[in-house]
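Undergrad: What follows is protein_15.csv, made up of CSV, C-alpha atoms:
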```csv
chain,number,residue,atom,x,y,z
A,51,MET,CA,-15.1,-1.4,6.7
A,52,PHE,CA,-17.5,-0.4,9.5
A,53,ARG,CA,-14.9,-1.2,12.2
A,54,ASP,CA,-12.3,0.9,10.4
A,55,ARG,CA,-14.9,3.7,10.1
A,56,ALA,CA,-15.4,3.6,13.9
A,57,ALA,CA,-11.6,3.7,14.4
A,58,GLN,CA,-11.2,6.7,12.1
A,59,PHE,CA,-14.3,8.8,12.8
A,60,LYS,CA,-14.9,8.1,16.5
A,61,THR,CA,-11.5,7.3,17.8
A,62,ARG,CA,-9.0,9.3,15.7
A,63,PHE,CA,-11.2,12.2,14.6
A,64,LYS,CA,-13.4,12.3,17.7
A,65,TRP,CA,-16.6,12.8,15.7
A,66,GLN,CA,-19.9,12.4,17.4
A,67,VAL,CA,-20.9,9.1,15.6
A,68,ASP,CA,-22.7,6.0,16.7
A,69,VAL,CA,-20.8,2.8,17.1
A,70,ASP,CA,-22.9,-0.4,17.7
A,71,GLU,CA,-22.2,-3.4,19.9
A,72,ASN,CA,-20.1,-5.0,17.1
A,73,GLY,CA,-17.8,-1.9,16.9
A,74,PHE,CA,-19.4,-0.8,13.6
A,75,GLU,CA,-19.9,2.9,12.7
A,76,ARG,CA,-23.1,3.2,10.8
A,77,ASP,CA,-25.5,6.0,10.2
A,78,GLU,CA,-29.0,6.4,8.8
A,79,TYR,CA,-27.5,6.8,5.2
A,80,ASP,CA,-26.1,3.3,5.3
A,81,ALA,CA,-29.7,2.0,5.4
A,82,LEU,CA,-30.5,3.7,2.1
A,83,ASN,CA,-28.8,1.1,-0.1
A,84,PRO,CA,-25.7,3.2,-0.9
A,85,LEU,CA,-23.0,2.1,-3.3
A,86,TYR,CA,-19.7,1.4,-1.4
A,87,VAL,CA,-16.4,1.5,-3.1
A,88,ILE,CA,-14.0,-0.7,-1.1
A,89,LEU,CA,-10.3,-1.1,-1.6
A,90,GLU,CA,-8.9,-4.4,-0.4
A,91,ASN,CA,-5.3,-5.2,0.3
A,92,ASN,CA,-3.7,-8.4,-1.1
A,93,LEU,CA,-4.9,-10.3,2.1
A,94,GLY,CA,-8.5,-9.4,1.3
A,95,ARG,CA,-8.7,-7.0,4.2
A,96,HIS,CA,-10.3,-3.5,4.1
A,97,GLU,CA,-7.7,-0.9,3.0
A,98,GLY,CA,-10.1,2.0,2.4
A,99,SER,CA,-13.6,2.7,1.4
A,100,LEU,CA,-16.2,5.4,0.7
A,101,ARG,CA,-19.9,5.6,0.3
A,102,LEU,CA,-21.8,7.0,-2.8
A,103,LEU,CA,-25.3,8.2,-2.9
A,104,PRO,CA,-27.2,10.0,-5.7
A,105,THR,CA,-28.1,13.6,-4.8
A,106,THR,CA,-31.6,12.9,-6.2
A,107,GLY,CA,-32.5,11.1,-3.1
A,108,ARG,CA,-31.8,11.5,0.6
A,109,CYS,CA,-28.2,12.4,1.3
A,110,MET,CA,-26.2,14.2,4.0
A,111,ILE,CA,-25.5,17.3,1.9
A,112,ASN,CA,-29.2,18.0,1.6
A,113,GLU,CA,-30.1,17.1,5.1
A,114,LYS,CA,-27.3,17.5,7.6
A,115,PHE,CA,-25.2,20.1,5.7
A,116,ARG,CA,-27.9,22.1,4.0
A,117,PHE,CA,-26.7,25.2,5.8
A,118,LEU,CA,-23.6,25.1,3.6
A,119,LEU,CA,-25.9,25.5,0.6
A,120,GLY,CA,-27.5,28.6,2.1
A,121,GLY,CA,-30.7,26.5,2.8
A,122,SER,CA,-30.9,25.2,-0.7
A,123,SER,CA,-30.5,21.7,-1.8
A,124,LEU,CA,-28.5,20.0,-4.6
A,125,SER,CA,-30.2,17.5,-6.8
A,126,SER,CA,-28.9,16.1,-10.1
A,127,LEU,CA,-28.7,12.8,-11.8
A,128,LEU,CA,-25.2,13.7,-12.8
A,129,ILE,CA,-23.9,14.5,-9.3
A,130,TRP,CA,-23.4,11.9,-6.5
A,131,GLU,CA,-22.5,12.5,-2.9
A,132,SER,CA,-19.2,11.0,-1.7
A,133,THR,CA,-19.1,10.4,2.1
A,134,ARG,CA,-17.4,8.3,4.8
A,135,PHE,CA,-14.0,8.4,3.0
A,136,CYS,CA,-12.1,6.0,5.3
A,137,LEU,CA,-8.6,4.5,5.3
A,138,ALA,CA,-7.6,1.5,7.4
A,139,PRO,CA,-5.3,2.4,10.3
A,140,LYS,CA,-2.2,1.1,8.6
A,141,ALA,CA,-3.2,1.7,5.0
A,142,PHE,CA,-0.5,1.7,2.3
A,143,LYS,CA,0.9,5.0,1.0
A,144,HIS,CA,-1.1,5.1,-2.2
A,145,SER,CA,-4.4,3.7,-0.9
A,146,ALA,CA,-6.2,7.1,-0.9
A,147,SER,CA,-5.3,7.7,-4.5
A,148,LYS,CA,-6.4,4.2,-5.6
A,149,LEU,CA,-9.6,4.5,-3.7
A,150,MET,CA,-10.4,7.9,-5.4
A,151,LEU,CA,-9.5,6.4,-8.8
A,152,ALA,CA,-11.8,3.4,-8.2
A,153,ALA,CA,-14.6,5.6,-7.1
A,154,GLY,CA,-14.1,7.7,-10.3
A,155,GLU,CA,-14.3,4.6,-12.4
A,156,VAL,CA,-17.5,3.4,-10.7
A,157,MET,CA,-19.1,6.8,-11.1
A,158,LEU,CA,-18.2,7.0,-14.8
A,159,GLY,CA,-19.7,3.6,-15.2
A,160,PHE,CA,-23.0,5.0,-13.9
A,161,GLY,CA,-22.8,8.1,-16.1
A,162,VAL,CA,-22.1,10.4,-13.2
A,163,GLU,CA,-20.1,13.5,-14.1
A,164,GLN,CA,-19.4,15.1,-10.8
A,165,SER,CA,-19.2,14.3,-7.1
A,166,VAL,CA,-19.9,16.5,-4.1
A,167,ALA,CA,-18.5,16.1,-0.6
A,168,VAL,CA,-18.3,17.8,2.7
A,169,PHE,CA,-14.9,17.6,4.2
A,170,ASP,CA,-12.8,18.8,7.1
A,171,HIS,CA,-9.2,20.2,7.2
A,172,THR,CA,-7.7,16.7,7.3
A,173,MET,CA,-9.5,15.6,4.1
A,174,ARG,CA,-8.7,18.9,2.4
A,175,ARG,CA,-5.0,18.1,2.9
A,176,ILE,CA,-5.5,14.5,1.6
A,177,TYR,CA,-7.4,15.8,-1.5
A,178,ARG,CA,-4.6,18.2,-2.2
A,179,ARG,CA,-1.8,15.6,-1.7
A,180,ILE,CA,-3.4,13.2,-4.2
A,181,GLY,CA,-4.2,15.8,-6.8
A,182,ALA,CA,-8.0,16.0,-6.3
A,183,THR,CA,-8.9,19.7,-6.3
A,184,PRO,CA,-12.6,20.2,-5.8
A,185,GLU,CA,-14.3,23.5,-6.6
A,186,ILE,CA,-15.1,24.9,-3.2
A,187,LEU,CA,-18.8,25.8,-3.1
A,188,ALA,CA,-18.8,26.8,0.6
A,189,GLU,CA,-16.6,26.8,3.6
A,190,GLN,CA,-16.7,27.7,7.2
A,191,GLY,CA,-14.2,28.0,10.1
A,192,SER,CA,-10.5,27.3,10.0
A,193,GLY,CA,-8.1,24.7,11.3
A,194,LYS,CA,-9.9,22.0,13.3
A,195,THR,CA,-13.2,23.8,12.9
A,196,TYR,CA,-12.9,24.0,9.1
A,197,ILE,CA,-15.7,22.5,7.0
A,198,GLY,CA,-15.9,22.7,3.3
A,199,LEU,CA,-18.3,21.7,0.5
A,200,GLY,CA,-16.6,20.8,-2.7
A,201,LEU,CA,-17.8,19.8,-6.2
A,202,GLY,CA,-16.0,18.3,-9.1
A,203,SER,CA,-12.9,16.4,-9.6
A,204,PHE,CA,-12.9,14.1,-6.6
A,205,PRO,CA,-13.1,11.2,-7.2
A,206,PRO,CA,-11.7,12.0,-10.7
A,207,CYS,CA,-15.0,10.9,-12.3
A,208,ASN,CA,-14.1,12.8,-15.5
A,209,ALA,CA,-13.0,10.7,-18.5
A,210,ARG,CA,-10.4,13.4,-19.4
A,211,ARG,CA,-8.7,13.1,-15.9
A,212,LEU,CA,-8.7,9.3,-15.5
A,213,PRO,CA,-5.6,8.5,-17.6
A,214,ALA,CA,-3.5,10.9,-15.4
A,215,ALA,CA,-5.0,9.5,-12.3
A,216,ARG,CA,-4.3,5.9,-13.4
A,217,ARG,CA,-0.6,6.9,-14.1
A,218,PHE,CA,-0.4,8.4,-10.6
A,219,CYS,CA,-1.6,5.2,-8.9
A,220,ARG,CA,1.1,2.6,-8.7
A,221,ASN,CA,0.2,-1.0,-8.9
A,222,ILE,CA,-3.3,-0.1,-10.0
A,223,GLN,CA,-4.2,-3.8,-10.5
A,224,ALA,CA,-4.3,-4.1,-6.7
A,225,ILE,CA,-7.6,-2.2,-6.7
A,226,GLY,CA,-10.4,-4.4,-5.6
A,227,LEU,CA,-13.9,-3.2,-6.0
A,228,THR,CA,-16.7,-4.7,-4.0
A,229,TRP,CA,-20.2,-3.4,-4.4
A,230,LEU,CA,-22.3,-4.0,-1.4
A,231,LEU,CA,-26.0,-3.4,-1.2
A,232,ALA,CA,-27.3,-2.7,2.3
```
Rewrite the coordinates I just gave you, this time as structure tokens.

TA:
Amino acid sequence: MFRDRAAQFKTRFKWQVDVDENGFERDEYDALNPLYVILENNLGRHEGSLRLLPTTGRCMINEKFRFLLGGSSLSSLLIWESTRFCLAPKAFKHSASKLMLAAGEVMLGFGVEQSVAVFDHTMRRIYRRIGATPEILAEQGSGKTYIGLGLGSFPPCNARRLPAARRFCRNIQAIGLTWLLA
């Protein structure tokens, strides 16, 4: 997972992220005991993952992206932050959808009603393609400089939306959830 994050964020997206001597992309939020949702392929390899943190504690939105909230912060037991959405370099076609569905299932299990995420133009296209349409709370820039803050239906952590999301995902039994505690 951390190697694929390095490949995606540092190599493909050219983000300014730290990669350690093992080739792992980690940041300070990985040390906060986040909940990881990990999709594995049938060989047991990382296919995709994302990181979840409650907004009641330290999270990127309230620290790194507070400017998108106009200097305010967001804190609710019912809203978790979703970050580091990552797909393996040769992920299968429906991996993004399956990962979002798995995250929604996990969040529902914890009683979370909404998720919030900061995303770029690439992720906005992915969200649209898989039917996840966040309520845009703030946005800046355009094209490669676009950054958005969205709340709501991604992952589809709403019980009303899960049946449709399950139907959309083919071979849903292939979802593998691994909960890792840092």

Undergrad: Using all atoms listed in the file, which residue out of A:Glu163, A:Glu113, A:Asp170, A:Glu75 lies closest to Gln58 (chain A)?

TA: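 The closest residue to Gln58 (chain A) is A:Glu75.
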
Undergrad: Select all residues near (-9.6, 0.4, -0.7) (cut-off 10 Å, inclusive, file coordinates), counting all atoms listed in the file, and output them as a PyMOL selection string.

TA: chain A and resi 51+87-91+95-100+135-138+141-142+144-150+152-153+224-228

Undergrad: Set the distance at 12 Å and use all atoms listed in the file: which residues neighbour Glu71 (chain A) once local chain neighbours fewer than 3 positions away are removed? I'd like the list as a PyMOL selection string.

TA: chain A and resi 52-53+56+68+74-76

Undergrad: For the residues in the current selection, export C-alpha atoms as an mmCIF file, in the coordinates of the input.

TA:
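Wrote selection02.cif, looks like this:
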```cif
data_model
loop_
_atom_site.group_PDB
_atom_site.id
_atom_site.type_symbol
_atom_site.label_atom_id
_atom_site.label_comp_id
_atom_site.auth_asym_id
_atom_site.auth_seq_id
_atom_site.Cartn_x
_atom_site.Cartn_y
_atom_site.Cartn_z
ATOM 1 C CA PHE A 52 -17.500 -0.400 9.500
ATOM 2 C CA ARG A 53 -14.900 -1.200 12.200
ATOM 3 C CA ALA A 56 -15.400 3.600 13.900
ATOM 4 C CA ASP A 68 -22.700 6.000 16.700
ATOM 5 C CA PHE A 74 -19.400 -0.800 13.600
ATOM 6 C CA GLU A 75 -19.900 2.900 12.700
ATOM 7 C CA ARG A 76 -23.100 3.200 10.800
#
```

Undergrad: Quick one, how far is CA of Gly161 (chain A) from CA of Leu128 (chain A)?

TA: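 Computing it gives 6.9 Å between the two atoms.
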
Undergrad: Would you work out the distance separating CA of Arg174 (chain A) from CA of Trp65 (chain A), expressed in Å to one decimal?

TA: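 Value for the CA of Arg174 (chain A)-CA of Trp65 (chain A) distance: 16.6 Å.
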
Undergrad: Expressed in Å to a single decimal, how great is the separation between CA of Glu131 (chain A) and CA of Phe115 (chain A)?

TA: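 So the answer is 11.8 Å.
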
Undergrad: So that I can see what lies close to Tyr196 (chain A), please list as a ChimeraX atom specification the residues with an atom at most 8 Å from it, counting all atoms listed in the file and leaving out residues fewer than 6 positions away in the same chain.

TA: /A:170-171,189-190
